[in-house]
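Worksheet for the structure shown next.
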Amino acid sequence: MALVFDNRHNLQGAPGLHALIAGVSLYKHLPNGGGPPAEENWDLSQLTATALTGYKIYRWLVDNQKRLPVGLATVRLLLSPSAKEAPKIAQGMSEIRALLDGRGPTLTDEPSPCTLANISAEAREWRKDARTHNVGVTLFYFAGHGIQRENNDPVMLLEDFGNPQVDFLTNSVVFKKLVAGMVPQADPAKKMARTQLYFVDACRVLPANLANYEFQDISNLLTGELGGVDDRATPVYLATIPNTLAFAKIDQQTLFSEALLQCLDGDGGVPTDEEDESGYAKWHVTTHSLSEALHDKLAYLKSLEVKQVFYSSPGGGPATIVKLDAPPEIGGTLEIDPDAALPFVVVEVIDERGNVVWKLSPVKPHPYKGRLRAGTYTLKANIADPPRPPYVDYWKSGPLSPPGFRLKAKVRS
Amino acid sequence: MTTLSFELGFKSDELRRLDLPVEIRKPNMALVRRALASEEVEVGPGTYYVGIKMPAGQESWVEVKVPEGDGYERVRLGPEPDDEPESESEELRRYFAPAYIPPPLEGLTYLALIIAAAVGVIAGAGLGYSFTETYVKTFTALAAAAGAGLSVLLLSKALRPGYTAVKRRMREARLRTFSGNVLRGAYEAEKRWSPDAETTVKTEDVVEIAFEGRNRDQIVQLLQTGEPAVNVMLPAWGDGGCRVVLKKQPDARYTLEVHLQHTEAELLLRYWEQGRWQLAADAAESSAVSAQELLRMKRKQPIAAAVGAYVLLRLGALERLHDWSENLMHWFEWLPDGAAVRGEHLARSGEHKKALRAFCTLRERGLPYFSDGLSYAVDRLRLYRDIGEGHFDAVELKDCADTLALLEPFSLFTDFSKPLTTYTGLDPGKPDANPVGGKLAERGGLDVIELVQSGSKKKDAEEEKGPRTAIGAGS
């Protein structure tokens with residue numbers, strides 16, 4: 001049963017977040033899938049981490065439900081795991097049950113396989129839930145094989161893709177029609193969640209002979225509607241840009257989901273205009289700050305030498321995705337310029353309350369690497385036993401925020 | 001209360017006048033205010049941090065201590081003196097350029113690796129055989145395997161840069177321009193086009209060419225050996241021109257970027273490209289890209305206004321688009337993006353019949369300059385075609401199908417991750433993804449490599465004469 005988490009009864013009519021999560025690693029009709037082979041396979045193979053990625057997104061929602069802007073109401077989980085992923089997912093589902101049992105939500109341990117029939121039925125139910133509240137939030141996440149029928153039109157391939165008993169493309173779905181199917185209805189009295197988050201964690205390659213097939217054969221999860229006033233926020237986060245592949249760490253998770261969860265856990269944090277009881281700014285991750293943070297993760301992709309580029313579109317004004325409990329921790333470096341001054345420099349990094357958080361004498365290793373809580377800091381680099389021309393004391397203060405910092409004390413006069 | 005005003009400490013006039021988003025925070029990082037550099041902001045006594053962030057990610061923060069009582073303080077924001085770029089053009093590139101991911105060194109083909117392995121096997125086996133007095137099968141096999149491995153390793157690692165260098169020399173690149181309406185097939189190549197020295201800036205591996213507005217659709221096409229031709233719609237109309245920038249990458253390929261001469265609109269585009277949507281939202285508040293400015297400028301900057309409108313659409317700011325999209329549509333009857341913006345705005349307002357009419361005017365207006373415009377038009381027209389029966393009459397549905405038939409071929413080959421409409425195809429009216437075959441010189445246009453080399457030689461000569469002033473960037 002795909003509805004693995006159901007908390008609607010506890011929310012008692014309050015707006016909630018409704019998630020539809022799909023992760024496909026097992027493709028029955030692709031080589032080594034165990035089913036009747038597809039008439040062609042576009043060189044697609046079985047995947048190793050996408051179902052597990054779907055589970056990790058679910059787990060993140062469960063673990064962070066108190067930090068979401070609205071209560072976690074439902075999670076529909078459709079997973080088609082590989083043989084290696086299946087026990088990990090089963091164990092994870094048990095952990096969630098142990099964590100939440102007796103705390104309200106109705107839980108199911110067995111996600112449904114991500115076939116066209118299953119996801120179509122669940123998408124309709126998901127939309128019904130979305131239509132219960134205007135200030136509700138929806139989240140859609142797909143991890144699996146993807147293609148595109150043209151450059152801005154991702155198509156998601158489901159577990160039964162390539163089933164020789166139906167048309168070749170039948171068991172694939174168009175992403176854009178899903179967004180179109182969630183449009184507010186023409187009658188303004190009818191409700192629809194106005195914040196809708198979409199994540200497509202899949203390749204976006206254009207198969208060479210796709211033109212041989214009728215685009216109409218590709219399925220729609222939801223029937224489109226012309227709709228009324230479309231004042232939704234529909235940010236879309238894609239694992240990669242057109243004509244490129246999306247990658248994963250084998251048997252772990254996709255690179256996109258890894259970066260996404262890092263961003264949601266703090267790397268995408270920005271301060272609000274509110275303060276917490278300890279006097280720090282409250283932080284949150286918004287639809288806009290997530291876009292920027294994912295873009296900043298491109299350096300990581302570059303370091304892995306993969307040609308994958310995260311891409312996002314805001315689709316509306318900034319909306320809070322998750323509130324952070326505290327200012328996020330960020331990593332960075334501290335350098336002394338020039339290196340020759342190193343033996344004479346005593347460095348202090350002082351937070352906004354006057355606490356010395358780093359005292360380095362000498363700065364070793366150089367550059368010094370460390371982590372700090374996001375905030376404003378003063379960097380003091382004093383020359384020991386002055387004067388030591390041409391070196392002079394250095395002082396600078398300013399905010400440090402995600403994705404990281406690079407402090408540089410210029411002590412040459 | 002103290003009034004804060006802002007001053008941008010850049011080299012170029014364009015950047016100094018730029019209406020950059022400014023953030024004011026308390027020491028505990030709580031957000032006090034988002035503003036624009038042109039605004040004045042009143043704050044109470046206390047310590048604040050005031051900062052800006054450029055599209056390429058550089059930040060500049062200043063601590064401001066505001067005393068009790070009334071006062072006025074001008075806050076200078078920008079790079080520290082010892083971090084300043086050397087020239088105005090470098091400044092623009094450093095702060096505006098998108099974060100490039102240089103492609104890896106040219107990969108070796110399987111055929112090359114197999115040949116290398118075979119050569120290694122023969123050499124290894126031969127050596128192994130010659131060093132043994134009697135034929136020792138195992139030793140020879142081991143030597144052959146070692147030889148093969150060594151050959152592949154050498155070729156794929158040690159020799160790869162050299163291989164890439166050889167491939168670089170074999171590359172050709174040419175630039176062509178076209179003008180006219182590609183949707184209607186009414187376009188032609190600019191046979192005698194050649195950028196003059198005054199509009200061209202060349203530095204090592206970078207060429208910038210300024211294009212003036214010509215009140216006609218202009219397309220620039222980059223041809224490169226073994227790759228599909230890349231076409232970019234040039235946002236150069238009326239008084240607004242643009243700069244085409246060709247950059248040589250480590251693998252000798254050239255990338256083609258187009259920059260608007262309207263700095264605020266360019267700022268919006270670069271924030272957009274870098275996913276900095278909060279900053280884009282803040283910058284879109286600037287009067288410099290607003291409908292009001294459009295009026296003040298006597299309708300001279302429609303491209304900048306279109307960029308502002310697209311950003312508002314992406315941000316879902318429908319209420320701010322009310323007059324904006326209507327004016328863009330009706331004042332600039334030639335501007336494809338006016339129709340695309342208006343159509344999408346009407347569709348999101350639930351006025352689908354009017355939206356369809358707006359989108360259908362693209363047949364006469366031409367291909368939108370911005371990929372969002374093409375995307376909105378194709379998506380909406382497809383939806384109207386698929387589920388429009390009952391909402392539209394037969395004539396409207398036929399118009400819808402006819403317009404879609406013209407746009408879809410372009411949509412299929414457009415790179416929607418780029419803000420400007422960028423698509424592949426040797427014939428700009430017939431998009432495809434086929435690599436350009438034959439000798440590129442026979443295709444006409446400008447030899448990019450020759451242009452760069454002449455630029456390098458000229459630069460060398462000028463450097464011998466003494467320092468020079470960079471020209472053109474951002475103008």
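Labels used: A, B, ... for chains in the order of the structure tokens, numbers from 1 for residues in each chain, and numbers from 1 for ligands as shown.
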Discussion item. Applying 10 Å and only C-alpha atoms, which residues near range 375-379 of chain A remain after dropping the ones on its own chain fewer than 2 positions away? List them as a ChimeraX atom specification.
Written reply: /A:271,280-281,327-330,334,347-358,372-373,381-382,394-402,407-409 /B:25-30,49
Discussion item. I need the chain B residues near chain A as a count of residues only; criterion: at most 7 Å, counting only C-alpha atoms.
Written reply: 29
Worksheet item: Any idea what the distance is between CA of Thr74 in chain A and CA of Val4 in chain A?
Response: 7.8 Å
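Between CA of Gly181 in chain A and CA of Phe168 in chain A the interatomic distance comes to 23.6 Å.
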Worksheet entry | Surrounding residues of Ala202 in chain A excluding itself and chain neighbours under 4 positions, 10 Å, only C-alpha atoms, as a list in words |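 What passes the distance filter is Thr50, Phe142, Ala143, Gly144, His145, Gly146, Ile147, Pro154, Val155, Met156, Leu157, Leu238, Ala239, Thr240, Thr244, Leu245, Ala246, Phe247, Ala248, Thr254 and Phe256 of chain A.
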Practice prompt. DSSP on the backbone, then: every residue of range 70-226 of chain A marked alpha helix (DSSP H), written as a PyMOL selection string.
Written response: chain A and resi 85-100+116-130+175-181
Show me, as a Markdown table, the residues of range 7-88 of chain A having an atom within 9 Å of range 95-104 of chain A, each with the closest atom pair and its distance in Å, using only C-alpha atoms.
| residue | atom | partner | partner_atom | distance |
| --- | --- | --- | --- | --- |
| A:Asn7 | CA | A:Gly104 | CA | 6.7 |
| A:His9 | CA | A:Gly104 | CA | 8.4 |
| A:Asn10 | CA | A:Gly104 | CA | 6.6 |
| A:Arg59 | CA | A:Ile96 | CA | 7.5 |
| A:Val62 | CA | A:Ile96 | CA | 7.8 |
| A:Asp63 | CA | A:Ile96 | CA | 8.8 |
Fill in: Distance query Val22 in chain B at most 7 Å, only C-alpha atoms, self and fewer than 3 positions along chain excluded, as number ranges by chain
B: 34-37, 50-52
Would you mind exporting N, CA, C and O atoms of the selected residues as a PDB file, in the first residue's frame?
ATOM      1  N   ARG B  34      15.282  44.344   3.153  1.00  0.00           N
ATOM      2  CA  ARG B  34      15.842  44.200   1.803  1.00  0.00           C
ATOM      3  C   ARG B  34      15.523  45.485   1.071  1.00  0.00           C
ATOM      4  O   ARG B  34      14.393  45.971   1.150  1.00  0.00           O
ATOM      5  N   ALA B  35      16.488  46.014   0.372  1.00  0.00           N
ATOM      6  CA  ALA B  35      16.268  47.285  -0.322  1.00  0.00           C
ATOM      7  C   ALA B  35      17.028  47.257  -1.641  1.00  0.00           C
ATOM      8  O   ALA B  35      17.632  46.234  -2.001  1.00  0.00           O
ATOM      9  N   LEU B  36      17.002  48.366  -2.328  1.00  0.00           N
ATOM     10  CA  LEU B  36      17.786  48.507  -3.551  1.00  0.00           C
ATOM     11  C   LEU B  36      18.806  49.623  -3.347  1.00  0.00           C
ATOM     12  O   LEU B  36      18.583  50.538  -2.538  1.00  0.00           O
ATOM     13  N   ALA B  37      19.876  49.545  -4.104  1.00  0.00           N
ATOM     14  CA  ALA B  37      20.961  50.516  -3.922  1.00  0.00           C
ATOM     15  C   ALA B  37      20.484  51.947  -4.151  1.00  0.00           C
ATOM     16  O   ALA B  37      21.063  52.885  -3.609  1.00  0.00           O
ATOM     17  N   VAL B  50      25.505  45.601   6.326  1.00  0.00           N
ATOM     18  CA  VAL B  50      24.857  45.938   5.059  1.00  0.00           C
ATOM     19  C   VAL B  50      25.658  45.261   3.951  1.00  0.00           C
ATOM     20  O   VAL B  50      26.885  45.383   3.906  1.00  0.00           O
ATOM     21  N   GLY B  51      24.963  44.541   3.073  1.00  0.00           N
ATOM     22  CA  GLY B  51      25.720  43.782   2.070  1.00  0.00           C
ATOM     23  C   GLY B  51      25.049  43.689   0.721  1.00  0.00           C
ATOM     24  O   GLY B  51      23.849  43.934   0.568  1.00  0.00           O
ATOM     25  N   ILE B  52      25.864  43.363  -0.274  1.00  0.00           N
ATOM     26  CA  ILE B  52      25.377  43.099  -1.627  1.00  0.00           C
ATOM     27  C   ILE B  52      25.933  41.742  -2.069  1.00  0.00           C
ATOM     28  O   ILE B  52      26.924  41.264  -1.525  1.00  0.00           O
TER      29      ILE B  52
END
Practice prompt. For CA of Ile57 in chain A and CA of Arg8 in chain A, determine how far apart the two atoms are, in Å to one decimal place.
Written response: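 Here the two named atoms are 19.6 Å from each other.
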Item to complete: Can you work out which one of B:Gly240, B:Pro55, B:Pro428, B:Gly185 has the shortest atom-to-atom distance to Arg93 in chain B, counting only C-alpha atoms?
Response: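 Checking each candidate against Arg93 in chain B, we get B:Pro55 as the closest.
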